[in-house]
Amino acid sequence: METLRQDLRYAVRMILKSPVLSGLAILSLGLGIGANTTIFSVTNALLLQSVPVAEPDRLLAVYTTDRKNPGFGPLSHLNWKDYAKDGEVFEGVLGYDWTPMSLNTGGEPQVLFGQLVSGNYFDLLGVRAVVGRTFGPHEDEVPGRDSVVVLSHAFWTKRFGADPRAVGQTLNLNGAAYTIIGVAPPSYTGLDVGVRPEVWVPMAMNKQVKTGINWYEERRGLFVFTVGRLKPGITPAQAQARLGMIAQRLETEYPNDNKGRSVTVVPLARATVNPNARDGVVAVTALLMTIVGLVLLIACANVSNLLLGRALHRRREIAVRLAIGASRRRLIRQFLTESVALALPAAALGIAIAYWARGGLLALLPPLPGIAVALHLDLDWRVLAFTMAVGVGAGILFGLVPALQASKPDVVDALKDGDRTGGSVRRRFGIRDVLVVGQVALSLVALVGAGLFLRSLEATRKTDPGFEAKNLLSVAFDLGLQRYNEEKGVAFLRQARERVASLPGVAAVSHASAGPLAGSVLRSVFLEGGGDENDRTLVQVNTVGPGYFETMRIPIVQGRAITEDDKAGGPKVAVINETMAKKFWPKGDALGKRFHFFGASEPWAEIVGVARNAKYTFLGEDPQSYIYEAHAQRYSGAQTLIVRTAGNPTPLLVPVERELKALDREVPLTALATVGQTIDDGLWAPRAGASLLGLFGLLALVLAAVGIYSVMSYSVSQRQREIGIRMALGARRGDVLRMMIGRGMRVVAVGLAVGLVISFSLARLAASLLVGVSPWDATAFAGAAAVLAAVAVAANFFPTRRAAGIDPTVALRAS
């Protein structure tokens with residue numbers, strides 16, 4: 001221990017003795033560690049943080065699986081009830097359902113997202129109110145009886161200033177008064193990472209809260225997210241077996257609803273990110289962690305080069321230590337202690353960088369109207385432990401090469417020989433060159449990754465959405481949140497179309513239940529005649545008003561569009577897209593065919609048209625089957641008004657908003673924007689990925705340039721006598737420049753070759769994350785190599801030009 005203290009004191013003295021070199025090393029390493037800490041904090045928030053509930057290891061999420069429709073889905077409400085009744089493996093089973101709500105406070109109405117939850121929701125999770133109380137089982141027994149609400153801590157703080165007297169007051173939701181009975185703790189933001197419900201309402205209030213189609217009394221609709229708490233001694237495998245038996249029984253008892261359906265349990269820790277999206281999230285975070293890992297390795301190579309240079313200046317000290325009997329192991333330990341002493345302040349700098357970068361990362365998130373973002377990039381114990389481990393590991397990594405080199409028994413003779421020869425190089429490829437090769441190779445991998453995602457972003461931007469986005473704006477609203485009935489809602493929509501159509505500059509107006517790139521509800525399709533392999537397949541469905549296809553400018557390739565003649569009570573009609581036509585009727589005879597959606601009262605719909613394919617949720621999606629229904633034949637209060645303008649739509653945003661508010665100021669408007677802005681907002685994920693990878697690629701490039709520059713400066717200083725002799729014998733300045741730059745670029749060329757091989761080998765791992773571009777895209781590879789080569793030429797040129805400009809007599813005398 002005393003020896004370690006001595007080594008630490010000596011290490012601190014050496015750091016302070018060379019403040020410039022030490023500062024450069026700490027800055028270089030701090031940037032690398034900061035990048036790693038920043039991305040790990042995201043990984044930690046998304047995948048590692050546990051939900052603040054009691055005994056989370058005993059909680060299992062339960063999902064519906066369907067042989068016809070792959071993936072993990074929620075449960076139906078009636079199936080959930082059957083699973084909740086069974087007491088064999090679970091102490092209790094909770095359920096919750098996300099839903100928008102209209103908040104009216106006497107001022108501007110707004111939409112917020114809350115949850116309908118079972119009465120045992122909070123008790124089963126072990127979540128206690130910080131003020132007031134949570135729900136009791138009795139408040140979920142009688143439909144529509146208990147209009148009570150629990151607030152999130154953030155909503156309570158924002159709306160009521162964290163006043164405890166808020167408990168007992170009423171909150172106006174969807175035009176009805178709900179009594180506030182409690183406030184959730186600040187640490188609890190729900191079971192879904194990244195988003196937070198603002199309020200919780202008993203599930204028995206679903207008819208008062210839900211708008212549109214209410215599936216609570218239907219066994220087919222999937223919308224209840226389910227979590228069960230295992231009994232002591234019960235394993236997840238036992239729970240899976242028991243629930244599988246119940247699923248088989250439900251399939252037998254209700255074949256029309258549960259045919260082909262079963263359930264799968266997933267530990268809650270792996271279900272906070274929806275299992276359907278988890279693999280993608282893991283892939284993205286793994287890619288980012290790989291890139292920042294490369295940045296750290298480049299920084300380590302830089303610091304190794306700096307320490308190798310310092311070891312040269314300590315040759316006399318090393319010689320004395322070896323002469324008096326110091327072992328090589330002792331010298332290596334001293335050098336490693338010094339490198340770790342450098343790494344620790346670099347780790348502290350990395351933590352500071354990560355703390356500062358949190359705001360920038362959150363700024364990359366998209367606008368989500370009404371949805372509260374709750375992504376906590378806390379620097380908790382996991383992040384701090386990771387940072388310290390990375391710091392110490394990096395210290396050992398970058399300190400090992402200088403320690404091994406400097407502690408060689410023949411180091412003094414080698415250095416003396418170097419002095420006599422004036423820096424003639426015995427080996428054509430030394431350890432410093434190896435480090436440069438590594439830096440260049442790793443930098444190229446990072447740059448290729450950034451280039452691929454920038455190319456993917458550009459390709460996504462150029463993707464044809466299937467409609468004409470130019471001169472288009474939209475605004476969403478939900479009339480059901482204000483308790484509009486169908487008659488009143490139809491009147492509102494008619495007046496809204498008329499008022500907006502009369503505005504100067506408006507060319508066309510229509511409406512739909514799902515606006516451009518807003519996604520749509522999924523419904524099971526049953527084909528006339530049955531037995532088809534596509535029977536019961538889930539398909540996206542949109543209800544649209546007259547003039548929709550003309551307003552969106554989606555071409556009808558067969559048949560006709562939905563018109564004013566498709567009225568309520570008339571023959572049920574539908575328009576499908578090309579993908580659905582080819583999938584369900586591959587012989588090209590979709591027109592005139594009939595289908596119906598699940599439900600005893602669902603009428604047969606005749607296909608009267610086939611529309612061109614479009615993008616429905618995001619630009620990078622694969623072709624999706626899609627159905628358009630006439631809004632007059634299936635009323636929905638949740639609508640998006642779509643307006644085509646004669647010119648720039650931006651100036652019409654305010655007039656459109658004014659006309660809608662003139663009809664009813666209590667109807668909250670959301671997502672009022674040009675469709676161009678909507679498309680741009682939809683690119684947040686590829687844009688965020690490209691921005692981060694571009695930033696880390698740039699950082700890798702800068703660190704590599706610093707490394708090449710420092711090695712070239714060292715090489716020039718070692719060969720100063722040789723340069724002087726060459727110039728004294730008549731060598732021109734250009735000859736010296738070509739000779740030195742040529743040697744430096746040969747090392748860079750080796751690094752580029754190695755980097756291209758590594759990049760080519762790893763590129764396929766990113767294939768699933770790229771849109772519209774090959775993982776071996778020649779432009780990305782060539783562009784990255786060209787940029788790195790240009791920077792390398794500059795990094796080699798400047799120290800060489802300085803040396804070539806020295807007077808030969810001065811160079812010879814200095815050497």
# chains A, B, ... in the order shown; residues from 1 in each chain; ligands from 1
>>> select_by_dssp(residues="region 139-275 of chain A", states="strand (DSSP E)", output="PyMOL selection string")
chain A and resi 148-151+170-173+176-183+194-196+199-202+225-230+261-267
>>> write_last_selection(atoms="N, CA and C atoms", output="CSV table (one decimal), in the first residue's frame")
chain,number,residue,atom,x,y,z
A,148,VAL,N,-63.1,9.3,-10.4
A,148,VAL,CA,-62.0,9.8,-9.6
A,148,VAL,C,-60.7,9.7,-10.5
A,149,VAL,N,-59.7,10.4,-10.1
A,149,VAL,CA,-58.5,10.5,-10.9
A,149,VAL,C,-57.3,10.6,-10.0
A,150,VAL,N,-56.2,9.9,-10.4
A,150,VAL,CA,-54.9,10.1,-9.7
A,150,VAL,C,-54.0,10.8,-10.7
A,151,LEU,N,-53.3,11.8,-10.2
A,151,LEU,CA,-52.4,12.7,-11.0
A,151,LEU,C,-51.0,12.2,-11.0
A,170,THR,N,-61.7,19.1,-8.3
A,170,THR,CA,-62.1,18.4,-9.5
A,170,THR,C,-61.3,18.8,-10.7
A,171,LEU,N,-61.2,17.8,-11.6
A,171,LEU,CA,-60.5,18.0,-12.9
A,171,LEU,C,-61.5,17.8,-14.0
A,172,ASN,N,-61.6,18.7,-15.0
A,172,ASN,CA,-62.6,18.5,-16.1
A,172,ASN,C,-61.9,17.8,-17.2
A,173,LEU,N,-62.3,16.5,-17.4
A,173,LEU,CA,-61.8,15.6,-18.4
A,173,LEU,C,-63.0,15.2,-19.3
A,176,ALA,N,-66.4,16.3,-18.3
A,176,ALA,CA,-67.0,15.8,-17.0
A,176,ALA,C,-66.0,16.0,-15.9
A,177,ALA,N,-66.6,16.1,-14.7
A,177,ALA,CA,-65.8,16.4,-13.5
A,177,ALA,C,-65.3,15.1,-12.9
A,178,TYR,N,-64.0,15.1,-12.6
A,178,TYR,CA,-63.4,13.9,-11.9
A,178,TYR,C,-62.7,14.4,-10.6
A,179,THR,N,-63.0,13.7,-9.5
A,179,THR,CA,-62.4,14.2,-8.2
A,179,THR,C,-61.0,13.6,-8.1
A,180,ILE,N,-60.1,14.5,-7.8
A,180,ILE,CA,-58.7,14.2,-7.6
A,180,ILE,C,-58.5,13.5,-6.2
A,181,ILE,N,-58.1,12.2,-6.2
A,181,ILE,CA,-58.0,11.5,-4.9
A,181,ILE,C,-56.5,11.3,-4.5
A,182,GLY,N,-55.5,11.6,-5.4
A,182,GLY,CA,-54.1,11.3,-5.0
A,182,GLY,C,-53.2,11.7,-6.1
A,183,VAL,N,-51.9,11.7,-5.7
A,183,VAL,CA,-50.8,12.1,-6.6
A,183,VAL,C,-49.7,10.9,-6.5
A,194,GLY,N,-39.9,6.1,-21.4
A,194,GLY,CA,-39.9,7.2,-22.4
A,194,GLY,C,-41.1,8.1,-22.4
A,195,VAL,N,-42.3,7.6,-22.0
A,195,VAL,CA,-43.5,8.4,-22.0
A,195,VAL,C,-44.2,8.2,-20.6
A,196,ARG,N,-44.9,9.3,-20.3
A,196,ARG,CA,-45.6,9.3,-18.9
A,196,ARG,C,-47.0,9.6,-19.1
A,199,VAL,N,-52.5,11.4,-16.1
A,199,VAL,CA,-53.5,11.0,-15.2
A,199,VAL,C,-53.8,9.5,-15.3
A,200,TRP,N,-54.4,9.0,-14.2
A,200,TRP,CA,-54.9,7.6,-14.2
A,200,TRP,C,-56.4,7.7,-13.8
A,201,VAL,N,-57.2,6.9,-14.5
A,201,VAL,CA,-58.6,6.9,-14.3
A,201,VAL,C,-59.0,5.4,-14.2
A,202,PRO,N,-60.0,5.0,-13.3
A,202,PRO,CA,-60.4,3.6,-13.2
A,202,PRO,C,-60.9,3.1,-14.5
A,225,PHE,N,-53.0,-3.6,-21.9
A,225,PHE,CA,-51.6,-4.1,-21.5
A,225,PHE,C,-51.7,-4.7,-20.1
A,226,THR,N,-51.0,-5.9,-20.0
A,226,THR,CA,-51.3,-6.7,-18.8
A,226,THR,C,-50.0,-7.0,-18.1
A,227,VAL,N,-50.0,-7.0,-16.8
A,227,VAL,CA,-48.8,-7.4,-16.0
A,227,VAL,C,-49.3,-8.2,-14.8
A,228,GLY,N,-48.7,-9.3,-14.5
A,228,GLY,CA,-49.1,-10.1,-13.4
A,228,GLY,C,-47.9,-10.3,-12.4
A,229,ARG,N,-48.3,-10.4,-11.1
A,229,ARG,CA,-47.2,-10.6,-10.1
A,229,ARG,C,-47.2,-12.1,-9.7
A,230,LEU,N,-46.1,-12.7,-9.9
A,230,LEU,CA,-45.9,-14.1,-9.5
A,230,LEU,C,-46.1,-14.4,-8.1
A,261,ARG,N,-54.8,-17.8,-31.5
A,261,ARG,CA,-54.2,-16.9,-30.5
A,261,ARG,C,-53.8,-17.6,-29.2
A,262,SER,N,-52.6,-17.1,-28.7
A,262,SER,CA,-52.2,-17.6,-27.4
A,262,SER,C,-51.6,-16.4,-26.7
A,263,VAL,N,-50.8,-16.7,-25.6
A,263,VAL,CA,-50.1,-15.7,-24.9
A,263,VAL,C,-48.7,-16.0,-24.6
A,264,THR,N,-47.9,-15.0,-24.4
A,264,THR,CA,-46.5,-15.1,-24.1
A,264,THR,C,-46.1,-14.2,-22.9
A,265,VAL,N,-45.4,-14.7,-21.9
A,265,VAL,CA,-45.0,-13.8,-20.8
A,265,VAL,C,-43.6,-13.4,-21.0
A,266,VAL,N,-43.3,-12.1,-20.6
A,266,VAL,CA,-42.0,-11.5,-20.7
A,266,VAL,C,-41.7,-10.8,-19.4
A,267,PRO,N,-40.5,-11.0,-18.9
A,267,PRO,CA,-40.2,-10.2,-17.6
A,267,PRO,C,-40.4,-8.7,-17.8
>>> residues_around(residues="Gln495 (chain A)", least_positions_apart="6", cutoff="12 Å", atoms="only C-alpha atoms", output="list in words")
Lys488, Gly489, Ala501, Ser502, Val509, Ser510, Leu641, Glu659, Leu660, Lys661, Ala662, Leu663 and Asp664 of chain A
>>> write_last_selection(atoms="N, CA, C and O atoms", output="tab-separated table (two decimals), in the first residue's frame")
chain	number	residue	atom	x	y	z
A	488	LYS	N	-74.17	15.75	-34.31
A	488	LYS	CA	-73.48	17.01	-34.07
A	488	LYS	C	-72.08	17.01	-34.68
A	488	LYS	O	-71.60	18.02	-35.20
A	489	GLY	N	-71.42	15.84	-34.63
A	489	GLY	CA	-70.07	15.74	-35.19
A	489	GLY	C	-70.07	15.90	-36.70
A	489	GLY	O	-69.20	16.57	-37.27
A	501	ALA	N	-62.85	26.02	-46.72
A	501	ALA	CA	-62.82	26.07	-48.19
A	501	ALA	C	-63.04	27.49	-48.71
A	501	ALA	O	-62.58	27.83	-49.81
A	502	SER	N	-63.73	28.33	-47.93
A	502	SER	CA	-64.01	29.70	-48.36
A	502	SER	C	-62.83	30.64	-48.15
A	502	SER	O	-62.86	31.79	-48.61
A	509	VAL	N	-60.44	20.77	-49.59
A	509	VAL	CA	-60.51	20.40	-48.17
A	509	VAL	C	-61.17	19.04	-48.05
A	509	VAL	O	-62.16	18.75	-48.74
A	510	SER	N	-60.62	18.21	-47.20
A	510	SER	CA	-61.26	16.95	-46.85
A	510	SER	C	-60.87	16.60	-45.41
A	510	SER	O	-60.27	17.42	-44.72
A	641	LEU	N	-58.40	17.37	-40.30
A	641	LEU	CA	-58.81	18.19	-41.44
A	641	LEU	C	-57.58	18.37	-42.34
A	641	LEU	O	-56.51	18.77	-41.88
A	659	GLU	N	-60.83	29.66	-37.92
A	659	GLU	CA	-62.14	29.20	-38.38
A	659	GLU	C	-62.64	28.04	-37.54
A	659	GLU	O	-63.84	27.96	-37.21
A	660	LEU	N	-61.76	27.12	-37.18
A	660	LEU	CA	-62.18	25.97	-36.38
A	660	LEU	C	-62.56	26.40	-34.96
A	660	LEU	O	-63.53	25.90	-34.39
A	661	LYS	N	-61.80	27.32	-34.39
A	661	LYS	CA	-62.13	27.79	-33.04
A	661	LYS	C	-63.42	28.60	-33.03
A	661	LYS	O	-64.12	28.65	-32.01
A	662	ALA	N	-63.72	29.22	-34.16
A	662	ALA	CA	-64.99	29.96	-34.24
A	662	ALA	C	-66.18	29.03	-34.16
A	662	ALA	O	-67.26	29.41	-33.69
A	663	LEU	N	-66.00	27.77	-34.59
A	663	LEU	CA	-67.08	26.79	-34.49
A	663	LEU	C	-67.27	26.31	-33.07
A	663	LEU	O	-68.40	26.13	-32.61
A	664	ASP	N	-66.16	26.06	-32.35
A	664	ASP	CA	-66.24	25.59	-30.95
A	664	ASP	C	-64.86	25.76	-30.32
A	664	ASP	O	-63.93	25.01	-30.62
>>> residues_around(residues="Ala568 (chain A)", least_positions_apart="3", cutoff="12 Å", atoms="only C-alpha atoms", output="number ranges by chain")
A: 486-487, 490, 564-565, 571-573, 629-635
>>> select_by_dssp(residues="region 357-486 of chain A", states="alpha helix (DSSP H)", output="ChimeraX atom specification")
/A:357-363,381-406,411-421,431-461,486
>>> residues_around(residues="Arg145 (chain A)", least_positions_apart="3", cutoff="9 Å", atoms="only C-alpha atoms", output="PyMOL selection string")
chain A and resi 139-142+204-205
>>> residues_around(residues="region 215-223 of chain A", least_positions_apart="5", cutoff="6 Å", atoms="only C-alpha atoms", output="ChimeraX atom specification")
/A:74-78,257
>>> write_last_selection(atoms="N, CA and C atoms", output="compact mmCIF listing (two decimals), in the first residue's frame")
# COMPACT_ATOMS: atom_id res chain seq x y z
N PRO A 74 -51.32 -6.50 -27.08
CA PRO A 74 -52.02 -6.48 -25.79
C PRO A 74 -53.08 -7.58 -25.75
N LEU A 75 -53.82 -7.63 -24.65
CA LEU A 75 -54.93 -8.58 -24.51
C LEU A 75 -56.24 -7.86 -24.78
N SER A 76 -57.28 -8.62 -25.12
CA SER A 76 -58.61 -8.04 -25.14
C SER A 76 -59.08 -7.90 -23.70
N HIS A 77 -60.04 -7.02 -23.47
CA HIS A 77 -60.51 -6.78 -22.11
C HIS A 77 -61.17 -8.02 -21.52
N LEU A 78 -61.98 -8.71 -22.31
CA LEU A 78 -62.66 -9.88 -21.78
C LEU A 78 -61.68 -11.04 -21.55
N ASP A 257 -63.29 -15.58 -31.90
CA ASP A 257 -62.48 -14.47 -31.42
C ASP A 257 -61.01 -14.84 -31.21
>>> residues_around(residues="Gly71 (chain A)", least_positions_apart="3", cutoff="9 Å", atoms="only C-alpha atoms", output="list of chain:residue names")
A:Thr64, A:Thr65, A:Asp66, A:Pro275, A:Asn276
>>> closest_residue(among="A:Ala794, A:Ala784, A:Val475, A:Val711", to="Val500 (chain A)", atoms="only C-alpha atoms")
A:Val475
>>> closest_residue(among="A:Ala476, A:Leu125, A:Met740, A:Leu342", to="Arg13 (chain A)", atoms="only C-alpha atoms")
A:Leu342
>>> residues_around(residues="Arg665 (chain A)", least_positions_apart="6", cutoff="12 Å", atoms="only C-alpha atoms", output="MDAnalysis selection string")
chainID A and resid 104 106:110 477 479 482 657:659
>>> write_last_selection(atoms="all heavy atoms", output="compact mmCIF listing (two decimals), in the first residue's frame")
# COMPACT_ATOMS: atom_id res chain seq x y z
N ASN A 104 -60.10 20.62 -19.82
CA ASN A 104 -60.68 21.95 -19.90
C ASN A 104 -60.54 22.64 -18.55
O ASN A 104 -61.03 22.15 -17.54
CB ASN A 104 -62.16 21.87 -20.29
CG ASN A 104 -62.36 21.18 -21.63
OD1 ASN A 104 -62.46 19.97 -21.68
ND2 ASN A 104 -62.41 21.96 -22.69
N GLY A 106 -61.03 26.20 -18.34
CA GLY A 106 -61.56 27.54 -18.49
C GLY A 106 -60.76 28.37 -19.46
O GLY A 106 -61.23 29.42 -19.92
N GLY A 107 -59.56 27.94 -19.78
CA GLY A 107 -58.73 28.64 -20.75
C GLY A 107 -58.66 27.86 -22.04
O GLY A 107 -59.65 27.31 -22.53
N GLU A 108 -57.46 27.79 -22.61
CA GLU A 108 -57.27 27.06 -23.86
C GLU A 108 -57.38 25.55 -23.59
O GLU A 108 -56.65 25.01 -22.76
CB GLU A 108 -55.89 27.39 -24.43
CG GLU A 108 -55.64 26.88 -25.82
CD GLU A 108 -56.39 27.66 -26.88
OE1 GLU A 108 -56.83 28.79 -26.59
OE2 GLU A 108 -56.52 27.13 -27.99
N PRO A 109 -58.28 24.85 -24.26
CA PRO A 109 -58.38 23.40 -24.04
C PRO A 109 -57.14 22.70 -24.57
O PRO A 109 -56.48 23.17 -25.50
CB PRO A 109 -59.62 23.00 -24.84
CG PRO A 109 -59.72 24.05 -25.91
CD PRO A 109 -59.21 25.31 -25.30
N GLN A 110 -56.81 21.55 -23.96
CA GLN A 110 -55.65 20.81 -24.42
C GLN A 110 -55.93 19.32 -24.33
O GLN A 110 -56.80 18.87 -23.60
CB GLN A 110 -54.41 21.16 -23.60
CG GLN A 110 -54.46 20.68 -22.15
CD GLN A 110 -53.21 21.03 -21.38
OE1 GLN A 110 -53.07 22.14 -20.90
NE2 GLN A 110 -52.30 20.07 -21.25
N PHE A 477 -58.21 16.88 -34.41
CA PHE A 477 -59.08 17.16 -33.27
C PHE A 477 -59.94 15.92 -33.02
O PHE A 477 -60.11 15.09 -33.92
CB PHE A 477 -59.97 18.39 -33.51
CG PHE A 477 -60.63 18.41 -34.86
CD1 PHE A 477 -61.84 17.75 -35.09
CD2 PHE A 477 -60.05 19.09 -35.91
CE1 PHE A 477 -62.45 17.77 -36.33
CE2 PHE A 477 -60.66 19.12 -37.17
CZ PHE A 477 -61.85 18.45 -37.39
N LEU A 479 -63.65 15.15 -31.67
CA LEU A 479 -64.95 15.67 -31.22
C LEU A 479 -65.54 14.82 -30.11
O LEU A 479 -66.33 15.31 -29.29
CB LEU A 479 -65.91 15.73 -32.42
CG LEU A 479 -65.44 16.60 -33.59
CD1 LEU A 479 -66.42 16.47 -34.76
CD2 LEU A 479 -65.32 18.06 -33.17
N GLN A 482 -65.25 15.94 -26.52
CA GLN A 482 -66.20 16.94 -26.04
C GLN A 482 -67.64 16.40 -26.07
O GLN A 482 -68.60 17.18 -26.05
CB GLN A 482 -66.10 18.20 -26.91
CG GLN A 482 -64.80 18.98 -26.71
CD GLN A 482 -64.56 19.36 -25.26
OE1 GLN A 482 -63.63 18.87 -24.63
NE2 GLN A 482 -65.42 20.19 -24.71
N GLU A 657 -56.90 27.71 -38.15
CA GLU A 657 -57.12 27.56 -36.71
C GLU A 657 -58.24 28.48 -36.24
O GLU A 657 -59.10 28.09 -35.43
CB GLU A 657 -55.82 27.85 -35.96
CG GLU A 657 -55.95 27.70 -34.45
CD GLU A 657 -54.65 28.05 -33.73
OE1 GLU A 657 -53.83 28.79 -34.31
OE2 GLU A 657 -54.47 27.58 -32.59
N ARG A 658 -58.25 29.71 -36.74
CA ARG A 658 -59.28 30.69 -36.34
C ARG A 658 -60.67 30.21 -36.72
O ARG A 658 -61.62 30.32 -35.93
CB ARG A 658 -58.96 32.04 -36.99
CG ARG A 658 -59.93 33.14 -36.56
CD ARG A 658 -59.55 34.48 -37.15
NE ARG A 658 -59.59 34.45 -38.61
CZ ARG A 658 -58.53 34.62 -39.40
NH1 ARG A 658 -57.34 34.85 -38.87
NH2 ARG A 658 -58.66 34.58 -40.72
N GLU A 659 -60.83 29.66 -37.92
CA GLU A 659 -62.14 29.20 -38.38
C GLU A 659 -62.64 28.04 -37.54
O GLU A 659 -63.84 27.96 -37.21
CB GLU A 659 -62.08 28.81 -39.85
CG GLU A 659 -61.83 29.95 -40.81
CD GLU A 659 -62.93 31.01 -40.75
OE1 GLU A 659 -64.12 30.64 -40.53
OE2 GLU A 659 -62.63 32.19 -40.90
>>> closest_residue(among="A:Phe386, A:Phe335, A:Phe797, A:Phe584", to="Thr38 (chain A)", atoms="only C-alpha atoms")
A:Phe386
>>> closest_residue(among="A:Asp464, A:Asp97, A:Glu550, A:Glu253", to="Arg644 (chain A)", atoms="only C-alpha atoms")
A:Glu550
>>> atom_distance(atom1="CA of Gly23 (chain A)", atom2="CA of Asp378 (chain A)")
27.8 Å
>>> atom_distance(atom1="CA of Leu308 (chain A)", atom2="CA of Leu31 (chain A)")
20.5 Å
